[in-house]
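For reference, coords_36.cif is printed below; it contains mmCIF, C-alpha atoms.
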```
data_coords
loop_
_atom_site.label_atom_id
_atom_site.label_comp_id
_atom_site.auth_asym_id
_atom_site.auth_seq_id
_atom_site.Cartn_x
_atom_site.Cartn_y
_atom_site.Cartn_z
CA HIS A 1 -2.96 -2.64 9.24
CA PRO A 2 -0.26 -4.35 11.25
CA LEU A 3 2.05 -7.19 10.39
CA PRO A 4 3.42 -9.62 13.04
CA LEU A 5 6.20 -8.04 15.07
CA SER A 6 9.66 -9.31 15.82
CA LYS A 7 10.81 -9.72 19.42
CA ASP A 8 12.84 -6.52 19.17
CA GLN A 9 9.84 -4.56 17.94
CA ALA A 10 7.64 -5.86 20.72
CA GLU A 11 9.92 -4.64 23.51
CA MET A 12 8.22 -2.09 25.68
CA ASP A 13 9.44 1.47 25.67
CA PRO A 14 8.46 3.35 28.85
CA ALA A 15 7.69 6.42 26.75
CA ASP A 16 5.14 4.37 24.79
CA MET A 17 3.24 3.63 28.00
CA GLU A 18 1.81 7.11 28.43
CA ASP A 19 -1.42 6.49 26.55
CA VAL A 20 -2.79 3.05 27.29
CA GLU A 21 -5.95 1.56 25.87
CA GLU A 22 -8.02 -0.61 28.21
CA VAL A 23 -9.47 -3.80 26.77
CA GLU A 24 -11.95 -6.05 28.57
CA ASP A 25 -10.97 -9.69 28.07
CA GLU A 26 -14.41 -11.10 28.94
CA GLU A 27 -16.98 -12.81 26.75
CA THR A 28 -20.29 -11.08 26.10
CA VAL A 29 -23.62 -12.90 25.77
CA GLU A 30 -25.13 -12.68 22.28
CA ASP A 31 -28.22 -14.16 20.74
CA GLY A 32 -28.10 -16.84 18.04
CA ASN A 33 -28.58 -14.47 15.12
CA SER A 34 -25.80 -12.18 16.27
CA LYS A 35 -23.43 -15.13 16.63
CA ALA A 36 -24.33 -16.34 13.17
CA ARG A 37 -23.58 -12.94 11.68
CA GLN A 38 -20.30 -12.78 13.59
CA LEU A 39 -19.33 -16.23 12.32
CA THR A 40 -20.06 -15.16 8.75
CA VAL A 41 -17.89 -12.06 9.11
CA GLN A 42 -15.05 -14.13 10.59
CA MET A 43 -15.26 -16.62 7.73
CA MET A 44 -15.08 -13.85 5.15
CA GLN A 45 -12.05 -12.41 6.95
CA ASN A 46 -10.26 -15.74 6.76
CA PRO A 47 -7.79 -15.69 3.85
CA GLN A 48 -8.17 -19.43 3.30
CA VAL A 49 -11.93 -19.01 2.88
CA LEU A 50 -11.41 -16.12 0.47
CA ALA A 51 -8.88 -18.15 -1.50
CA ALA A 52 -11.26 -21.12 -1.69
CA LEU A 53 -14.09 -18.89 -2.93
CA GLN A 54 -11.81 -17.34 -5.56
CA GLU A 55 -10.64 -20.79 -6.68
CA ARG A 56 -14.27 -21.91 -7.01
CA LEU A 57 -15.13 -18.80 -9.05
CA ASP A 58 -12.07 -19.29 -11.26
CA GLY A 59 -13.12 -22.88 -11.79
CA LEU A 60 -16.49 -21.77 -13.17
CA VAL A 61 -14.77 -19.86 -15.97
CA GLY A 62 -13.38 -21.81 -18.89
CA SER A 63 -14.26 -25.24 -17.52
CA PRO A 64 -13.26 -28.06 -19.92
CA SER A 65 -16.17 -29.25 -22.02
CA GLY A 66 -14.64 -32.66 -22.71
CA TYR A 67 -14.20 -31.84 -26.40
CA ILE A 68 -10.37 -31.98 -26.30
CA GLU A 69 -10.42 -35.39 -24.60
CA SER A 70 -12.73 -36.72 -27.33
CA LEU A 71 -10.41 -35.77 -30.19
CA PRO A 72 -8.59 -38.47 -32.17
CA LYS A 73 -4.99 -39.13 -31.17
CA VAL A 74 -3.62 -37.62 -34.38
CA VAL A 75 -5.42 -34.33 -33.67
CA LYS A 76 -4.25 -34.30 -30.05
CA ARG A 77 -0.66 -34.51 -31.35
CA ARG A 78 -1.24 -31.36 -33.37
CA VAL A 79 -2.78 -29.63 -30.36
CA ASN A 80 0.41 -30.40 -28.44
CA ALA A 81 2.42 -28.83 -31.26
CA LEU A 82 0.28 -25.69 -30.98
CA LYS A 83 0.87 -25.59 -27.21
CA ASN A 84 4.62 -25.81 -27.78
CA LEU A 85 4.33 -22.83 -30.13
CA GLN A 86 2.47 -21.00 -27.39
CA VAL A 87 5.30 -21.68 -24.94
CA LYS A 88 7.72 -20.06 -27.40
CA CYS A 89 5.37 -17.08 -27.67
CA THR A 90 5.40 -16.78 -23.88
CA GLN A 91 9.20 -16.79 -23.84
CA ILE A 92 9.23 -13.96 -26.39
CA GLU A 93 6.63 -12.09 -24.33
CA ALA A 94 8.92 -12.34 -21.29
CA LYS A 95 11.74 -10.72 -23.28
CA PHE A 96 9.29 -8.02 -24.39
CA TYR A 97 8.60 -7.07 -20.77
CA GLU A 98 12.33 -6.95 -20.04
CA GLU A 99 12.72 -4.38 -22.83
CA VAL A 100 9.70 -2.48 -21.49
CA HIS A 101 11.55 -2.23 -18.19
CA GLU A 102 14.56 -0.80 -20.03
CA LEU A 103 12.28 1.78 -21.68
CA GLU A 104 10.80 2.69 -18.28
CA ARG A 105 14.30 3.33 -16.99
CA LYS A 106 15.14 5.48 -20.03
CA TYR A 107 12.02 7.61 -19.77
CA ALA A 108 12.29 7.91 -15.99
CA ALA A 109 15.44 9.94 -16.62
CA LEU A 110 13.47 12.23 -18.97
CA TYR A 111 10.64 12.71 -16.47
CA GLN A 112 12.97 13.36 -13.53
CA PRO A 113 13.74 17.07 -14.21
CA LEU A 114 10.00 17.76 -14.31
CA PHE A 115 9.41 15.85 -11.08
CA GLU A 116 12.30 17.72 -9.45
CA LYS A 117 10.73 21.04 -10.41
CA ARG A 118 7.38 19.83 -9.07
CA SER A 119 9.08 19.06 -5.75
CA GLU A 120 10.75 22.47 -5.68
CA ILE A 121 7.40 24.23 -6.17
CA VAL A 122 5.60 22.08 -3.60
CA ASN A 123 8.33 22.61 -1.00
CA ALA A 124 8.77 26.37 -1.61
CA MET A 125 12.25 26.02 -3.13
CA TYR A 126 11.14 27.64 -6.40
CA GLU A 127 8.47 30.24 -7.12
CA PRO A 128 6.98 29.71 -10.60
CA THR A 129 6.73 32.68 -12.97
CA ASP A 130 3.44 34.25 -14.02
CA GLU A 131 3.80 32.53 -17.38
CA GLU A 132 4.31 29.13 -15.71
CA CYS A 133 1.26 29.73 -13.52
CA GLU A 134 -1.08 30.60 -16.38
CA TRP A 135 -3.61 27.84 -16.90
CA LYS A 136 -6.22 28.16 -19.61
CA GLY A 137 -9.15 26.16 -18.38
CA ASP A 138 -12.52 26.04 -20.12
CA GLU A 139 -14.07 28.54 -17.71
CA GLU A 140 -11.25 31.07 -17.97
CA GLU A 141 -11.46 31.10 -21.78
CA GLN A 142 -15.02 32.44 -21.50
CA LEU A 143 -14.09 35.29 -19.14
CA THR A 144 -13.56 38.81 -20.43
CA GLU A 145 -10.35 40.68 -19.60
CA GLU A 146 -12.31 42.94 -17.25
CA MET A 147 -13.72 39.96 -15.35
CA LYS A 148 -10.26 38.35 -15.15
CA GLU A 149 -8.78 41.54 -13.69
CA LYS A 150 -11.59 41.81 -11.15
CA ALA A 151 -11.10 38.17 -10.10
CA LYS A 152 -7.34 38.74 -9.78
CA VAL A 153 -7.85 41.75 -7.49
CA GLU A 154 -10.27 39.78 -5.28
CA GLU A 155 -7.82 36.87 -5.00
CA GLU A 156 -4.97 39.22 -4.06
CA LYS A 157 -7.18 40.84 -1.41
CA LYS A 158 -7.97 37.41 0.08
CA ASP A 159 -4.28 36.51 0.09
CA GLU A 160 -3.44 39.70 1.98
CA GLU A 161 -5.90 38.77 4.71
CA LYS A 162 -4.25 35.37 5.22
CA GLU A 163 -0.75 34.37 6.22
CA ASP A 164 1.55 33.84 3.26
CA PRO A 165 1.74 30.04 2.82
CA LYS A 166 4.93 28.48 1.52
CA GLY A 167 4.83 26.16 -1.48
CA VAL A 168 1.80 23.86 -1.56
CA PRO A 169 1.01 22.88 2.06
CA GLU A 170 0.14 19.23 2.79
CA PHE A 171 0.52 18.30 -0.88
CA TRP A 172 1.24 14.59 -0.46
CA LEU A 173 -1.05 14.18 2.55
CA THR A 174 -3.89 15.53 0.40
CA VAL A 175 -2.97 13.11 -2.39
CA PHE A 176 -3.16 10.24 0.11
CA LYS A 177 -6.56 11.39 1.34
CA ASN A 178 -7.92 11.67 -2.19
CA VAL A 179 -6.91 8.13 -3.20
CA ASP A 180 -9.09 5.40 -1.69
CA LEU A 181 -6.32 2.82 -1.95
CA LEU A 182 -4.10 4.98 0.28
CA SER A 183 -6.64 6.79 2.46
CA ASP A 184 -7.98 3.47 3.79
CA MET A 185 -4.46 2.62 4.99
CA LEU A 186 -4.11 6.05 6.55
CA GLN A 187 -4.84 6.52 10.26
CA GLU A 188 -5.43 9.78 12.10
CA HIS A 189 -2.12 9.42 13.96
CA ASP A 190 -0.31 9.08 10.59
CA GLU A 191 -1.42 12.49 9.32
CA PRO A 192 0.93 14.69 11.39
CA ILE A 193 3.83 12.58 10.11
CA LEU A 194 2.76 12.72 6.45
CA LYS A 195 2.62 16.52 6.64
CA HIS A 196 6.42 16.22 6.59
CA LEU A 197 6.42 14.11 3.39
CA GLU A 198 8.16 16.26 0.77
CA ASP A 199 8.40 13.92 -2.22
CA ILE A 200 7.99 10.35 -3.47
CA LYS A 201 10.37 9.08 -6.15
CA VAL A 202 10.74 5.83 -8.03
CA LYS A 203 14.18 4.44 -8.80
CA PHE A 204 14.64 1.59 -11.28
CA SER A 205 17.34 -1.06 -11.11
CA ASP A 206 20.56 -0.42 -13.04
CA PRO A 207 21.12 -2.00 -16.48
CA GLY A 208 22.26 -5.60 -16.23
CA GLN A 209 20.92 -5.96 -12.69
CA PRO A 210 17.89 -8.06 -11.65
CA MET A 211 14.62 -6.29 -12.43
CA SER A 212 13.39 -4.15 -9.53
CA PHE A 213 12.18 -0.70 -8.53
CA THR A 214 12.43 1.25 -5.29
CA LEU A 215 9.93 3.75 -3.89
CA GLU A 216 11.68 6.53 -1.98
CA PHE A 217 9.67 8.64 0.51
CA TYR A 218 11.49 11.88 1.42
CA PHE A 219 10.67 13.54 4.75
CA SER A 220 11.68 16.87 6.23
CA ALA A 221 13.20 16.90 9.74
CA ASN A 222 10.48 15.93 12.21
CA GLU A 223 9.86 14.79 15.78
CA PHE A 224 8.70 11.28 14.83
CA PHE A 225 11.74 9.53 13.35
CA ALA A 226 15.33 10.25 12.36
CA ASN A 227 15.14 8.90 8.79
CA GLY A 228 15.30 11.43 5.99
CA VAL A 229 14.19 8.80 3.46
CA LEU A 230 12.03 5.68 3.85
CA THR A 231 12.35 3.05 1.12
CA LYS A 232 10.41 0.08 -0.23
CA THR A 233 12.06 -2.10 -2.89
CA TYR A 234 10.14 -4.51 -5.15
CA LYS A 235 12.08 -7.33 -6.83
CA MET A 236 10.50 -8.61 -10.03
CA GLN A 237 11.01 -11.41 -12.51
CA SER A 238 9.94 -11.65 -16.14
CA GLU A 239 10.33 -15.35 -16.78
CA PRO A 240 7.67 -18.03 -17.34
CA ASP A 241 7.42 -20.82 -14.78
CA GLU A 242 8.77 -24.00 -16.36
CA GLY A 243 6.11 -26.05 -14.62
CA ASP A 244 3.24 -23.74 -15.64
CA PRO A 245 4.34 -21.51 -18.54
CA PHE A 246 0.80 -20.52 -19.53
CA SER A 247 0.27 -18.77 -16.19
CA PHE A 248 2.74 -16.07 -17.25
CA ASP A 249 1.08 -12.67 -17.46
CA GLY A 250 3.97 -10.24 -17.35
CA PRO A 251 6.55 -9.44 -14.66
CA GLU A 252 5.65 -10.76 -11.22
CA ILE A 253 6.86 -9.78 -7.79
CA MET A 254 9.38 -12.13 -6.21
CA GLY A 255 9.63 -10.25 -2.94
CA CYS A 256 9.76 -6.79 -1.40
CA THR A 257 11.98 -5.21 1.20
CA GLY A 258 11.08 -2.34 3.51
CA CYS A 259 13.37 -0.40 5.80
CA GLN A 260 13.93 0.14 9.49
CA ILE A 261 12.30 3.26 10.86
CA ASP A 262 14.32 4.92 13.62
CA TRP A 263 11.39 6.06 15.74
CA THR A 264 11.79 8.71 18.41
CA LYS A 265 10.90 7.38 21.87
CA GLY A 266 7.16 7.47 22.41
CA LYS A 267 6.39 8.28 18.73
CA ASN A 268 6.16 4.82 17.18
CA VAL A 269 2.65 4.79 15.69
CA THR A 270 2.93 1.15 14.55
CA LEU A 271 2.75 -0.05 18.16
CA LYS A 272 0.30 0.59 20.97
CA THR A 273 0.03 -0.57 24.58
CA ILE A 274 -3.18 -2.00 25.94
CA LYS A 275 -4.36 -3.10 29.38
CA LYS A 276 -6.21 -6.41 29.42
CA LYS A 277 -8.26 -7.49 32.42
CA GLN A 278 -7.95 -11.23 32.95
CA LYS A 279 -10.42 -12.99 35.20
CA HIS A 280 -9.46 -16.16 37.09
CA LYS A 281 -12.01 -18.83 36.15
CA GLY A 282 -11.89 -20.50 39.57
CA ARG A 283 -11.44 -17.78 42.17
CA GLY A 284 -12.96 -14.93 40.20
CA THR A 285 -10.01 -12.66 40.92
CA VAL A 286 -9.02 -10.13 38.27
CA ARG A 287 -5.59 -8.90 37.30
CA THR A 288 -4.55 -6.30 34.71
CA VAL A 289 -1.84 -7.13 32.19
CA THR A 290 -0.18 -4.49 30.02
CA LYS A 291 1.18 -5.61 26.65
CA THR A 292 2.45 -4.15 23.39
CA VAL A 293 0.45 -4.99 20.27
CA PRO A 294 0.57 -3.95 16.60
CA ASN A 295 -1.26 -0.76 15.73
CA ASP A 296 -2.97 0.17 12.46
CA SER A 297 -0.75 2.58 10.55
CA PHE A 298 0.30 3.43 7.02
CA PHE A 299 3.89 2.98 8.17
CA ASN A 300 3.38 -0.79 8.45
CA PHE A 301 3.82 -0.54 4.66
CA PHE A 302 7.58 -0.49 5.33
CA SER A 303 7.51 -3.82 7.21
CA PRO A 304 6.38 -6.42 4.63
CA PRO A 305 6.60 -10.17 5.31
CA GLU A 306 9.95 -11.72 4.46
CA VAL A 307 10.22 -14.17 1.58
CA PRO A 308 12.22 -17.25 2.64
CA GLU A 309 15.16 -18.24 0.44
CA LYS A 310 14.06 -21.86 0.56
CA GLY A 311 10.57 -23.22 0.81
CA GLU A 312 7.24 -21.65 -0.04
CA LEU A 313 5.32 -18.82 1.58
CA ASP A 314 2.16 -19.57 3.48
CA GLU A 315 -1.10 -18.47 1.90
CA ASP A 316 -1.49 -15.43 4.16
CA SER A 317 1.94 -14.05 3.30
CA GLU A 318 1.45 -14.73 -0.41
CA ALA A 319 -1.84 -12.81 -0.38
CA ILE A 320 -0.32 -9.93 1.60
CA LEU A 321 2.58 -9.67 -0.85
CA ALA A 322 0.23 -9.78 -3.84
CA ALA A 323 -1.86 -6.90 -2.44
CA ASP A 324 1.30 -5.06 -1.37
CA PHE A 325 2.64 -5.30 -4.92
CA GLU A 326 -0.57 -3.83 -6.32
CA ILE A 327 -0.21 -0.85 -3.96
CA GLY A 328 3.45 -0.38 -4.91
CA HIS A 329 2.61 -0.69 -8.60
CA PHE A 330 -0.19 1.87 -8.19
CA LEU A 331 2.20 4.34 -6.56
CA ARG A 332 4.78 3.82 -9.29
CA GLU A 333 2.46 3.83 -12.30
CA ARG A 334 -0.15 6.43 -11.33
CA ILE A 335 0.42 8.37 -8.11
CA ILE A 336 4.00 9.52 -8.73
CA PRO A 337 3.56 10.47 -12.43
CA ARG A 338 0.17 12.19 -11.91
CA ALA A 339 0.38 13.46 -8.33
CA ILE A 340 -1.10 16.90 -9.12
CA LEU A 341 -4.23 15.31 -10.61
CA TYR A 342 -4.78 13.28 -7.43
CA PHE A 343 -4.14 16.40 -5.36
CA THR A 344 -6.89 18.29 -7.22
CA GLY A 345 -9.14 15.22 -7.41
CA GLU A 346 -9.24 15.23 -11.21
CA ALA A 347 -7.76 11.75 -11.61
CA ILE A 348 -10.22 8.89 -12.00
CA GLU A 349 -9.53 5.77 -9.99
CA ASP A 350 -10.20 2.15 -10.85
CA ASP A 351 -12.76 0.40 -8.66
CA ASP A 352 -10.62 -2.75 -8.69
CA ASP A 353 -8.11 -1.03 -6.42
CA ASP A 354 -10.68 -1.11 -3.60
CA ASP A 355 -10.90 -4.88 -3.88
CA VAL A 356 -7.13 -5.21 -3.60
CA LEU A 357 -7.04 -3.08 -0.48
CA ASN A 358 -9.97 -4.87 1.12
CA ILE A 359 -8.19 -8.21 0.71
CA PHE A 360 -5.01 -6.64 2.11
CA ILE A 361 -6.93 -5.37 5.16
CA LEU A 362 -8.87 -8.59 5.77
CA ILE A 363 -5.76 -10.76 5.67
CA GLN A 364 -3.85 -8.58 8.09
CA GLU A 365 -6.84 -8.32 10.43
CA GLY A 366 -6.99 -12.11 10.42
CA ALA A 367 -3.30 -12.24 11.35
CA GLU A 368 -3.92 -9.80 14.22
CA GLU A 369 -6.86 -11.83 15.50
CA ALA A 370 -4.79 -15.02 15.33
CA ASP A 371 -2.10 -13.31 17.39
CA GLU A 372 -4.67 -12.43 20.03
CA GLU A 373 -6.04 -15.98 20.06
CA ASN A 374 -2.56 -17.40 20.60
CA ASP A 375 -2.08 -15.24 23.69
CA PRO A 376 -1.72 -17.72 26.61
CA ASP A 377 -4.53 -17.70 29.14
CA TYR A 378 -3.95 -16.53 32.64
CA ASP A 379 -2.15 -19.29 34.56
CA PRO A 380 -3.84 -19.75 37.97
CA LYS A 381 -0.52 -20.95 39.38
CA VAL A 382 0.99 -17.53 38.79
CA GLY A 383 0.40 -15.13 41.64
CA ASP A 384 -2.00 -12.27 41.09
#
```

Structure rendered as structure tokens:
Amino acid sequence: HPLPLSKDQAEMDPADMEDVEEVEDEETVEDGNSKARQLTVQMMQNPQVLAALQERLDGLVGSPSGYIESLPKVVKRRVNALKNLQVKCTQIEAKFYEEVHELERKYAALYQPLFEKRSEIVNAMYEPTDEECEWKGDEEEQLTEEMKEKAKVEEEKKDEEKEDPKGVPEFWLTVFKNVDLLSDMLQEHDEPILKHLEDIKVKFSDPGQPMSFTLEFYFSANEFFANGVLTKTYKMQSEPDEGDPFSFDGPEIMGCTGCQIDWTKGKNVTLKTIKKKQKHKGRGTVRTVTKTVPNDSFFNFFSPPEVPEKGELDEDSEAILAADFEIGHFLRERIIPRAILYFTGEAIEDDDDDDVLNIFILIQEGAEEADEENDPDYDPKVGD
């Protein structure tokens, strides 16, 4: 789902004008019930409304009973001492997470040779031995040697009838399709591109550097863009907020940085051109305007909102970054380490991930609708 575009991104490329979608810019007549339903949907797509609902729900949990306020002053003093102890615990917890990050870096180096071999098998750079290919599943253990031999002959016969595939075709594309969190971001026009995705790696920040990790997406040479690697870096911080130390719940994202994609002319799937028919309210004349607008695509993942050095983010951007971080964390923690299990469908997903994605989608759809609403109306003074 698209993010707002810069002026450079919105420039029209003649090659992108080949396929144009026509959009009628006229109101349709609906009955009262339909309008009410539409209004409800719009409200639920508004990030401010969602935030207000969440705040109300949060307020229902752990509401003060008034007991603390009723305590004698001498007891309240002791409660304050306990809260100060809790602040010190939080500071120690922050250091704990910093050491966890160091352990992640250490073990990433141990995992890497295995991930490299996985990539070599997937991309037909290495053919595993018979011993490496032997997998003793529950069903195979119950088969007799005669049945195993018969099954092997039948499989070899089937393979002879087909073309000899190289490696594991469409490995990462299949992983994406099998994971709800990713498949809902995936569009049909993204699939031919992701067939060229050869590997996804995670790279942690160097010792002594600010805490961060980078997702690296490696692509084979293709007709869509010139990049061999697309990156997404997440900057984190493991430090309690001085103003609200008890809100600390582990490392939090401070910002994320995507990368520029060097699209081939006419292949940028994050943009589309549409034709809008605008009707003059007075004369009734109609003119057609062609404009470039954001297009739904997984590759919008590499264009996150920027975090300003000074000042605070607006609510929309904060929510987008929060959902974006959950997706990045999911890729780092689960998809990359257990890719084969998502390829086969054996991995079990957490239902909460759907909620994160839905919020991510709703917020960005709201941003797209706002962009449409801000489009200036046809000026009758301008010639048709």

TODO: Determine the residue set returned by the PyMOL selection byres ((chain A and resi 223-236) around 7) for the present structure, and present it as a VMD selection string.
DONE: chain A and resid 193 211 to 222 237 to 238 251 to 259 261 to 264 267 302

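Candidate residues A:Val179, A:Thr288, A:Gln260, A:Lys88 were compared for distance to Arg338 (chain A), and the nearest is A:Val179, using all atoms listed in the file.
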
Task: Two-atom distance - CA of Asp206 (chain A), CA of Phe96 (chain A) (Å) - done: 17.7 Å

TODO: Quick one: apply the PyMOL selection byres ((chain A and resi 195) around 9) to the file and drop the selected residues here as a list in words.
DONE: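 So the PyMOL selection byres ((chain A and resi 195) around 9) ends up selecting Pro169, Glu170, Phe171, Trp172, Leu173, Asp190, Glu191, Pro192, Ile193, Leu194, His196, Leu197, Glu198 and Phe219 of chain A.
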
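Distance annotation: of A:Thr90, A:Pro72, A:Asn178, A:Asn80, the residue with the minimal separation from Phe246 (chain A) is A:Thr90; atom set is only C-alpha atoms.
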
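Excluding Val289 (chain A) itself and any same-chain residue fewer than 5 positions from it, the protein and nucleic acid residues within 7 Å of it, counting all atoms listed in the file, are A:Lys275, A:Lys276, A:Lys277.
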
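CA of Leu331 (chain A) lies 12.2 Å from CA of Lys203 (chain A).
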
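Taking CA of Pro240 (chain A) and CA of Val87 (chain A) as the two end points, the separation is 8.8 Å.
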
List the residues selected by the PyMOL selection byres ((chain A and resi 327) around 9) in the file shown, writing them as a PDB file with C-alpha atoms, in the frame of the given file.
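So selection-v5.pdb came out as:
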```pdb
ATOM      1  CA  LEU A 181      -6.320   2.820  -1.950  1.00  0.00           C
ATOM      2  CA  LEU A 182      -4.100   4.980   0.280  1.00  0.00           C
ATOM      3  CA  ALA A 322       0.230  -9.780  -3.840  1.00  0.00           C
ATOM      4  CA  ALA A 323      -1.860  -6.900  -2.440  1.00  0.00           C
ATOM      5  CA  ASP A 324       1.300  -5.060  -1.370  1.00  0.00           C
ATOM      6  CA  PHE A 325       2.640  -5.300  -4.920  1.00  0.00           C
ATOM      7  CA  GLU A 326      -0.570  -3.830  -6.320  1.00  0.00           C
ATOM      8  CA  GLY A 328       3.450  -0.380  -4.910  1.00  0.00           C
ATOM      9  CA  HIS A 329       2.610  -0.690  -8.600  1.00  0.00           C
ATOM     10  CA  PHE A 330      -0.190   1.870  -8.190  1.00  0.00           C
ATOM     11  CA  LEU A 331       2.200   4.340  -6.560  1.00  0.00           C
ATOM     12  CA  ARG A 332       4.780   3.820  -9.290  1.00  0.00           C
ATOM     13  CA  ASP A 353      -8.110  -1.030  -6.420  1.00  0.00           C
ATOM     14  CA  VAL A 356      -7.130  -5.210  -3.600  1.00  0.00           C
ATOM     15  CA  LEU A 357      -7.040  -3.080  -0.480  1.00  0.00           C
TER      16      LEU A 357
END
```

Task: From A:Met125, A:Leu271, A:Ala94, A:Leu321, residue lying nearest Asp249 (chain A) [all atoms listed in the file] - done: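 Closest candidate: A:Ala94.
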
TODO: Return the single residue from A:Ile92, A:Leu103, A:Val168, A:Ile320 that is closest to Phe343 (chain A), with distances computed using only C-alpha atoms.
DONE: A:Val168
